[in-house]
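Shown below: final09.cif, with mmCIF, N, CA and C atoms.
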```cif
data_run
#
loop_
_atom_site.group_PDB
_atom_site.id
_atom_site.type_symbol
_atom_site.label_atom_id
_atom_site.label_comp_id
_atom_site.auth_asym_id
_atom_site.auth_seq_id
_atom_site.Cartn_x
_atom_site.Cartn_y
_atom_site.Cartn_z
ATOM 1 N N MET K 1 93.415 98.914 85.751
ATOM 2 C CA MET K 1 92.843 99.401 86.984
ATOM 3 C C MET K 1 91.550 100.168 86.716
ATOM 4 N N ALA K 2 91.546 100.962 85.656
ATOM 5 C CA ALA K 2 90.364 101.768 85.354
ATOM 6 C C ALA K 2 89.137 100.891 85.140
ATOM 7 N N SER K 3 89.299 99.741 84.498
ATOM 8 C CA SER K 3 88.143 98.876 84.253
ATOM 9 C C SER K 3 87.568 98.339 85.561
ATOM 10 N N TRP K 4 88.426 98.051 86.547
ATOM 11 C CA TRP K 4 87.922 97.582 87.837
ATOM 12 C C TRP K 4 87.123 98.665 88.531
ATOM 13 N N LEU K 5 87.606 99.899 88.457
ATOM 14 C CA LEU K 5 86.865 101.009 89.063
ATOM 15 C C LEU K 5 85.531 101.206 88.356
ATOM 16 N N ASP K 6 85.533 101.106 87.035
ATOM 17 C CA ASP K 6 84.287 101.243 86.277
ATOM 18 C C ASP K 6 83.292 100.155 86.673
ATOM 19 N N GLU K 7 83.764 98.914 86.784
ATOM 20 C CA GLU K 7 82.883 97.808 87.166
ATOM 21 C C GLU K 7 82.306 98.003 88.558
ATOM 22 N N ALA K 8 83.048 98.651 89.429
ATOM 23 C CA ALA K 8 82.579 98.900 90.791
ATOM 24 C C ALA K 8 81.686 100.129 90.869
ATOM 25 N N GLY K 9 81.487 100.794 89.726
ATOM 26 C CA GLY K 9 80.644 101.982 89.712
ATOM 27 C C GLY K 9 81.341 103.219 90.231
ATOM 28 N N LEU K 10 82.672 103.216 90.245
ATOM 29 C CA LEU K 10 83.445 104.359 90.717
ATOM 30 C C LEU K 10 84.020 105.106 89.526
ATOM 31 N N ALA K 11 84.077 106.382 89.620
ATOM 32 C CA ALA K 11 84.634 107.192 88.536
ATOM 33 C C ALA K 11 86.124 106.947 88.415
ATOM 34 N N THR K 12 86.598 106.756 87.191
ATOM 35 C CA THR K 12 88.036 106.525 86.998
ATOM 36 C C THR K 12 88.795 107.840 86.881
ATOM 37 N N ALA K 13 88.089 108.920 86.623
ATOM 38 C CA ALA K 13 88.762 110.219 86.556
ATOM 39 C C ALA K 13 88.879 110.774 87.974
ATOM 40 N N GLY K 14 89.826 111.614 88.193
ATOM 41 C CA GLY K 14 89.967 112.261 89.485
ATOM 42 C C GLY K 14 90.988 111.586 90.365
ATOM 43 N N VAL K 15 90.986 111.985 91.619
ATOM 44 C CA VAL K 15 92.017 111.574 92.567
ATOM 45 C C VAL K 15 92.020 110.060 92.791
ATOM 46 N N LEU K 16 90.852 109.442 92.963
ATOM 47 C CA LEU K 16 90.809 108.009 93.231
ATOM 48 C C LEU K 16 91.429 107.222 92.085
ATOM 49 N N GLY K 17 91.044 107.527 90.868
ATOM 50 C CA GLY K 17 91.603 106.834 89.715
ATOM 51 C C GLY K 17 93.096 107.032 89.595
ATOM 52 N N GLU K 18 93.556 108.252 89.818
ATOM 53 C CA GLU K 18 94.993 108.535 89.738
ATOM 54 C C GLU K 18 95.770 107.782 90.813
ATOM 55 N N ARG K 19 95.261 107.784 92.046
ATOM 56 C CA ARG K 19 95.942 107.098 93.149
ATOM 57 C C ARG K 19 95.994 105.594 92.907
ATOM 58 N N CYS K 20 94.896 105.024 92.418
ATOM 59 C CA CYS K 20 94.874 103.588 92.144
ATOM 60 C C CYS K 20 95.867 103.235 91.042
ATOM 61 N N SER K 21 95.920 104.034 90.015
ATOM 62 C CA SER K 21 96.870 103.785 88.925
ATOM 63 C C SER K 21 98.309 103.898 89.408
ATOM 64 N N GLU K 22 98.593 104.911 90.229
ATOM 65 C CA GLU K 22 99.949 105.079 90.769
ATOM 66 C C GLU K 22 100.345 103.882 91.632
ATOM 67 N N LEU K 23 99.423 103.419 92.488
ATOM 68 C CA LEU K 23 99.715 102.271 93.338
ATOM 69 C C LEU K 23 99.940 101.025 92.491
ATOM 70 N N GLY K 24 99.092 100.811 91.504
ATOM 71 C CA GLY K 24 99.248 99.657 90.627
ATOM 72 C C GLY K 24 100.589 99.660 89.925
ATOM 73 N N GLN K 25 101.014 100.795 89.441
ATOM 74 C CA GLN K 25 102.304 100.884 88.771
ATOM 75 C C GLN K 25 103.447 100.614 89.750
ATOM 76 N N ARG K 26 103.322 101.146 90.966
ATOM 77 C CA ARG K 26 104.375 100.936 91.961
ATOM 78 C C ARG K 26 104.498 99.461 92.335
ATOM 79 N N LEU K 27 103.362 98.770 92.441
ATOM 80 C CA LEU K 27 103.401 97.364 92.823
ATOM 81 C C LEU K 27 103.926 96.472 91.704
ATOM 82 N N LEU K 28 103.934 96.966 90.473
ATOM 83 C CA LEU K 28 104.484 96.197 89.359
ATOM 84 C C LEU K 28 106.007 96.285 89.287
ATOM 85 N N GLU K 29 106.582 97.269 89.958
ATOM 86 C CA GLU K 29 108.035 97.449 89.931
ATOM 87 C C GLU K 29 108.711 96.423 90.836
ATOM 88 N N PRO K 30 109.905 95.973 90.441
ATOM 89 C CA PRO K 30 110.626 95.043 91.318
ATOM 90 C C PRO K 30 110.982 95.741 92.629
ATOM 91 N N GLY K 31 110.959 95.000 93.698
ATOM 92 C CA GLY K 31 111.254 95.586 94.998
ATOM 93 C C GLY K 31 112.431 94.907 95.656
ATOM 94 N N SER K 32 112.665 95.251 96.894
ATOM 95 C CA SER K 32 113.805 94.716 97.622
ATOM 96 C C SER K 32 113.385 93.809 98.769
ATOM 97 N N CYS K 33 112.126 93.391 98.772
ATOM 98 C CA CYS K 33 111.603 92.564 99.855
ATOM 99 C C CYS K 33 111.039 91.269 99.261
ATOM 100 N N LEU K 34 111.375 90.124 99.859
ATOM 101 C CA LEU K 34 110.815 88.860 99.403
ATOM 102 C C LEU K 34 109.373 88.764 99.877
ATOM 103 N N LEU K 35 108.457 88.570 98.930
ATOM 104 C CA LEU K 35 107.032 88.460 99.242
ATOM 105 C C LEU K 35 106.579 87.017 99.096
ATOM 106 N N MET K 36 105.570 86.664 99.836
ATOM 107 C CA MET K 36 104.957 85.359 99.710
ATOM 108 C C MET K 36 104.159 85.312 98.413
ATOM 109 N N GLY K 37 103.506 86.412 98.072
ATOM 110 C CA GLY K 37 102.822 86.537 96.788
ATOM 111 C C GLY K 37 101.363 86.133 96.771
ATOM 112 N N ASP K 38 100.883 85.436 97.787
ATOM 113 C CA ASP K 38 99.481 85.019 97.854
ATOM 114 C C ASP K 38 99.159 84.715 99.317
ATOM 115 N N LEU K 39 99.478 85.648 100.187
ATOM 116 C CA LEU K 39 99.356 85.417 101.630
ATOM 117 C C LEU K 39 97.897 85.393 102.060
ATOM 118 N N TRP K 40 97.513 84.316 102.714
ATOM 119 C CA TRP K 40 96.171 84.200 103.288
ATOM 120 C C TRP K 40 96.245 83.258 104.476
ATOM 121 N N PRO K 41 95.255 83.257 105.377
ATOM 122 C CA PRO K 41 95.358 82.529 106.640
ATOM 123 C C PRO K 41 95.784 81.059 106.531
ATOM 124 N N PRO K 42 95.268 80.251 105.588
ATOM 125 C CA PRO K 42 95.712 78.853 105.560
ATOM 126 C C PRO K 42 97.203 78.663 105.245
ATOM 127 N N SER K 43 97.862 79.700 104.746
ATOM 128 C CA SER K 43 99.297 79.600 104.467
ATOM 129 C C SER K 43 100.153 79.900 105.694
ATOM 130 N N VAL K 44 99.523 80.285 106.792
ATOM 131 C CA VAL K 44 100.249 80.595 108.025
ATOM 132 C C VAL K 44 100.001 79.470 109.029
ATOM 133 N N LEU K 45 101.057 78.740 109.354
ATOM 134 C CA LEU K 45 100.961 77.659 110.329
ATOM 135 C C LEU K 45 101.515 78.137 111.665
ATOM 136 N N VAL K 46 100.827 77.789 112.730
ATOM 137 C CA VAL K 46 101.277 78.133 114.075
ATOM 138 C C VAL K 46 101.872 76.868 114.689
ATOM 139 N N THR K 47 103.156 76.928 115.028
ATOM 140 C CA THR K 47 103.840 75.781 115.632
ATOM 141 C C THR K 47 104.413 76.186 116.979
ATOM 142 N N ARG K 48 104.938 75.221 117.712
ATOM 143 C CA ARG K 48 105.575 75.540 119.001
ATOM 144 C C ARG K 48 106.803 76.419 118.810
ATOM 145 N N GLN K 49 107.406 76.341 117.634
ATOM 146 C CA GLN K 49 108.597 77.141 117.344
ATOM 147 C C GLN K 49 108.240 78.529 116.795
ATOM 148 N N GLY K 50 106.981 78.795 116.549
ATOM 149 C CA GLY K 50 106.550 80.089 116.028
ATOM 150 C C GLY K 50 105.744 79.941 114.745
ATOM 151 N N LEU K 51 105.550 81.041 114.054
ATOM 152 C CA LEU K 51 104.781 81.029 112.814
ATOM 153 C C LEU K 51 105.626 80.504 111.667
ATOM 154 N N ARG K 52 104.997 79.753 110.781
ATOM 155 C CA ARG K 52 105.646 79.248 109.579
ATOM 156 C C ARG K 52 104.742 79.579 108.394
ATOM 157 N N ILE K 53 105.347 80.011 107.300
ATOM 158 C CA ILE K 53 104.605 80.321 106.083
ATOM 159 C C ILE K 53 104.870 79.207 105.077
ATOM 160 N N ILE K 54 103.798 78.653 104.507
ATOM 161 C CA ILE K 54 103.939 77.596 103.508
ATOM 162 C C ILE K 54 103.363 78.073 102.173
ATOM 163 N N ASP K 55 103.597 77.294 101.131
ATOM 164 C CA ASP K 55 103.010 77.522 99.809
ATOM 165 C C ASP K 55 103.596 78.761 99.133
ATOM 166 N N TRP K 56 104.877 78.706 98.825
ATOM 167 C CA TRP K 56 105.624 79.844 98.292
ATOM 168 C C TRP K 56 105.655 79.884 96.768
ATOM 169 N N GLU K 57 104.713 79.246 96.077
ATOM 170 C CA GLU K 57 104.797 79.169 94.617
ATOM 171 C C GLU K 57 104.733 80.530 93.915
ATOM 172 N N PHE K 58 104.170 81.550 94.542
ATOM 173 C CA PHE K 58 104.079 82.872 93.923
ATOM 174 C C PHE K 58 105.078 83.870 94.516
ATOM 175 N N ALA K 59 106.082 83.373 95.228
ATOM 176 C CA ALA K 59 107.072 84.252 95.858
ATOM 177 C C ALA K 59 107.825 85.070 94.809
ATOM 178 N N HIS K 60 108.098 86.323 95.154
ATOM 179 C CA HIS K 60 108.840 87.219 94.263
ATOM 180 C C HIS K 60 109.305 88.437 95.063
ATOM 181 N N TRP K 61 110.206 89.206 94.451
ATOM 182 C CA TRP K 61 110.674 90.445 95.069
ATOM 183 C C TRP K 61 109.651 91.532 94.774
ATOM 184 N N GLY K 62 109.286 92.299 95.782
ATOM 185 C CA GLY K 62 108.316 93.361 95.561
ATOM 186 C C GLY K 62 108.150 94.254 96.765
ATOM 187 N N ASP K 63 107.010 94.899 96.814
ATOM 188 C CA ASP K 63 106.651 95.846 97.867
ATOM 189 C C ASP K 63 105.836 95.097 98.927
ATOM 190 N N PRO K 64 106.195 95.206 100.209
ATOM 191 C CA PRO K 64 105.476 94.474 101.251
ATOM 192 C C PRO K 64 103.981 94.795 101.332
ATOM 193 N N HIS K 65 103.578 95.934 100.781
ATOM 194 C CA HIS K 65 102.144 96.255 100.769
ATOM 195 C C HIS K 65 101.337 95.182 100.039
ATOM 196 N N GLU K 66 101.967 94.513 99.090
ATOM 197 C CA GLU K 66 101.256 93.495 98.328
ATOM 198 C C GLU K 66 100.808 92.344 99.231
ATOM 199 N N ASP K 67 101.709 91.812 100.069
ATOM 200 C CA ASP K 67 101.317 90.728 100.967
ATOM 201 C C ASP K 67 100.259 91.188 101.966
ATOM 202 N N VAL K 68 100.403 92.382 102.504
ATOM 203 C CA VAL K 68 99.396 92.904 103.435
ATOM 204 C C VAL K 68 98.052 93.027 102.726
ATOM 205 N N GLY K 69 98.080 93.530 101.495
ATOM 206 C CA GLY K 69 96.840 93.670 100.726
ATOM 207 C C GLY K 69 96.165 92.341 100.474
ATOM 208 N N TRP K 70 96.956 91.327 100.075
ATOM 209 C CA TRP K 70 96.383 89.992 99.851
ATOM 210 C C TRP K 70 95.735 89.468 101.125
ATOM 211 N N PHE K 71 96.460 89.583 102.239
ATOM 212 C CA PHE K 71 95.950 89.050 103.506
ATOM 213 C C PHE K 71 94.649 89.738 103.898
ATOM 214 N N CYS K 72 94.637 91.065 103.816
ATOM 215 C CA CYS K 72 93.425 91.815 104.175
ATOM 216 C C CYS K 72 92.267 91.467 103.248
ATOM 217 N N ALA K 73 92.548 91.396 101.962
ATOM 218 C CA ALA K 73 91.487 91.090 100.999
ATOM 219 C C ALA K 73 90.881 89.720 101.268
ATOM 220 N N LYS K 74 91.707 88.741 101.575
ATOM 221 C CA LYS K 74 91.196 87.392 101.814
ATOM 222 C C LYS K 74 90.447 87.297 103.136
ATOM 223 N N CYS K 75 90.864 88.057 104.141
ATOM 224 C CA CYS K 75 90.204 88.000 105.451
ATOM 225 C C CYS K 75 88.938 88.843 105.526
ATOM 226 N N TRP K 76 88.993 90.019 104.924
ATOM 227 C CA TRP K 76 87.938 90.984 105.201
ATOM 228 C C TRP K 76 87.109 91.418 104.011
ATOM 229 N N ARG K 77 87.230 90.790 102.864
ATOM 230 C CA ARG K 77 86.507 91.308 101.701
ATOM 231 C C ARG K 77 84.996 91.260 101.868
ATOM 232 N N PHE K 78 84.477 90.337 102.687
ATOM 233 C CA PHE K 78 83.038 90.260 102.882
ATOM 234 C C PHE K 78 82.630 90.578 104.309
ATOM 235 N N ALA K 79 83.566 91.098 105.102
ATOM 236 C CA ALA K 79 83.284 91.307 106.519
ATOM 237 C C ALA K 79 83.370 92.778 106.881
ATOM 238 N N ASN K 80 82.827 93.083 108.003
ATOM 239 C CA ASN K 80 82.956 94.405 108.590
ATOM 240 C C ASN K 80 84.398 94.545 109.062
ATOM 241 N N PRO K 81 85.109 95.617 108.682
ATOM 242 C CA PRO K 81 86.512 95.753 109.078
ATOM 243 C C PRO K 81 86.726 95.844 110.584
ATOM 244 N N ASP K 82 85.662 96.093 111.346
ATOM 245 C CA ASP K 82 85.810 96.187 112.792
ATOM 246 C C ASP K 82 85.630 94.844 113.491
ATOM 247 N N LEU K 83 85.220 93.811 112.744
ATOM 248 C CA LEU K 83 85.023 92.496 113.330
ATOM 249 C C LEU K 83 86.253 91.631 113.123
ATOM 250 N N GLU K 84 86.468 90.687 114.034
ATOM 251 C CA GLU K 84 87.569 89.753 113.840
ATOM 252 C C GLU K 84 87.263 88.884 112.630
ATOM 253 N N ALA K 85 88.290 88.519 111.910
ATOM 254 C CA ALA K 85 88.140 87.682 110.725
ATOM 255 C C ALA K 85 88.899 86.389 110.937
ATOM 256 N N GLY K 86 88.193 85.295 111.012
ATOM 257 C CA GLY K 86 88.837 84.003 111.152
ATOM 258 C C GLY K 86 89.712 83.886 112.390
ATOM 259 N N GLY K 87 89.391 84.632 113.445
ATOM 260 C CA GLY K 87 90.182 84.569 114.659
ATOM 261 C C GLY K 87 91.522 85.273 114.546
ATOM 262 N N ILE K 88 91.756 86.011 113.458
ATOM 263 C CA ILE K 88 93.052 86.658 113.275
ATOM 264 C C ILE K 88 93.120 87.922 114.124
ATOM 265 N N ALA K 89 92.428 88.955 113.742
ATOM 266 C CA ALA K 89 92.427 90.212 114.498
ATOM 267 C C ALA K 89 91.618 91.233 113.722
ATOM 268 N N GLN K 90 91.338 92.330 114.353
ATOM 269 C CA GLN K 90 90.716 93.422 113.624
ATOM 270 C C GLN K 90 91.725 93.957 112.620
ATOM 271 N N ARG K 91 91.237 94.516 111.531
ATOM 272 C CA ARG K 91 92.119 95.038 110.489
ATOM 273 C C ARG K 91 93.116 96.035 111.069
ATOM 274 N N SER K 92 92.654 96.941 111.917
ATOM 275 C CA SER K 92 93.557 97.948 112.477
ATOM 276 C C SER K 92 94.661 97.295 113.304
ATOM 277 N N ALA K 93 94.330 96.224 114.045
ATOM 278 C CA ALA K 93 95.333 95.527 114.862
ATOM 279 C C ALA K 93 96.372 94.842 113.976
ATOM 280 N N LEU K 94 95.928 94.245 112.872
ATOM 281 C CA LEU K 94 96.870 93.608 111.943
ATOM 282 C C LEU K 94 97.824 94.636 111.349
ATOM 283 N N LEU K 95 97.269 95.744 110.876
ATOM 284 C CA LEU K 95 98.108 96.755 110.237
ATOM 285 C C LEU K 95 99.069 97.386 111.234
ATOM 286 N N GLU K 96 98.616 97.605 112.453
ATOM 287 C CA GLU K 96 99.505 98.182 113.469
ATOM 288 C C GLU K 96 100.629 97.202 113.803
ATOM 289 N N GLY K 97 100.300 95.928 113.944
ATOM 290 C CA GLY K 97 101.317 94.920 114.220
ATOM 291 C C GLY K 97 102.321 94.807 113.081
ATOM 292 N N TYR K 98 101.840 94.925 111.865
ATOM 293 C CA TYR K 98 102.715 94.835 110.705
ATOM 294 C C TYR K 98 103.700 96.004 110.679
ATOM 295 N N ARG K 99 103.189 97.208 110.999
ATOM 296 C CA ARG K 99 104.071 98.391 111.029
ATOM 297 C C ARG K 99 105.179 98.175 112.032
#
```
What's the structure tokens form of this structure?
Amino acid sequence: MASWLDEAGLATAGVLGERCSELGQRLLEPGSCLLMGDLWPPSVLVTRQGLRIIDWEFAHWGDPHEDVGWFCAKCWRFANPDLEAGGIAQRSALLEGYR
């Protein structure tokens, strides 16, 4: 994690580095929730029966924050967080719906 912060020009010492390391360690621990493991918009199909998730090759037990993080990163990494991404929703609307 520290190398990613260094590459981004962020200091690895201090609160940010500590929080990132703690989160990384927590996400490496086995969890009690089945995750898709690589959630992004093309893996979500909308059918008359509801939403369907496909492409489960990276599925594993973990922390649900991981799937939310993947989805947000794929939708909004190059966009303004206040703009809709791919017709999905604003980031705040997605996170509120997920909660």
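As for CA of Pro30 in chain K and atom C of Trp61 in chain K, they are spaced 5.0 Å apart.
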### Query
Just how far from atom N of Arg19 in chain K is CA of Leu34 in chain K, in Å to one decimal?
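Interatomic distance here is 25.6 Å.
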### Message
Can you pull out the residues contacting Trp40 in chain K? Cut-off 6.5 Å, using all atoms listed in the file, and skip same-chain residues under 4 positions away; I want them as a list of chain:residue names.
### Response
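Returned residues: K:Val44, K:Trp70, K:Phe71, K:Lys74.
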Could you please take those selected residues and save N, CA and C atoms as a compact mmCIF listing (two decimals), keeping the file's coordinate frame?
```txt
# COMPACT_ATOMS: atom_id res chain seq x y z
N VAL K 44 99.52 80.28 106.79
CA VAL K 44 100.25 80.60 108.02
C VAL K 44 100.00 79.47 109.03
N TRP K 70 96.96 91.33 100.08
CA TRP K 70 96.38 89.99 99.85
C TRP K 70 95.74 89.47 101.12
N PHE K 71 96.46 89.58 102.24
CA PHE K 71 95.95 89.05 103.51
C PHE K 71 94.65 89.74 103.90
N LYS K 74 91.71 88.74 101.58
CA LYS K 74 91.20 87.39 101.81
C LYS K 74 90.45 87.30 103.14
```
#### Entry: Chain and number of each residue from the PyMOL selection byres ((chain K and resi 36) around 6.5), as a list in words
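On this input, the PyMOL selection byres ((chain K and resi 36) around 6.5) captures Leu34, Leu35, Gly37, Asp38, Leu39, Trp56, Phe58, Ala59, His60 and Asp67 of chain K.
Distance-wise, CA of Pro41 in chain K and CA of Cys75 in chain K end up 7.6 Å apart.
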### Message
Could you go through range 17-53 of chain K and tell me which residues DSSP, when run on the backbone, assigns to helix (DSSP H, G or I), listing them as a list in words?
### Response
Gly17, Glu18, Arg19, Cys20, Ser21, Glu22, Leu23, Gly24, Gln25, Arg26, Leu27, Leu28, Pro41, Pro42 and Ser43 of chain K
#### Entry: Nearest candidate to Ser43 in chain K (options K:Glu66, K:Glu57, K:Glu96, K:Gly31; using only C-alpha atoms)
K:Glu57
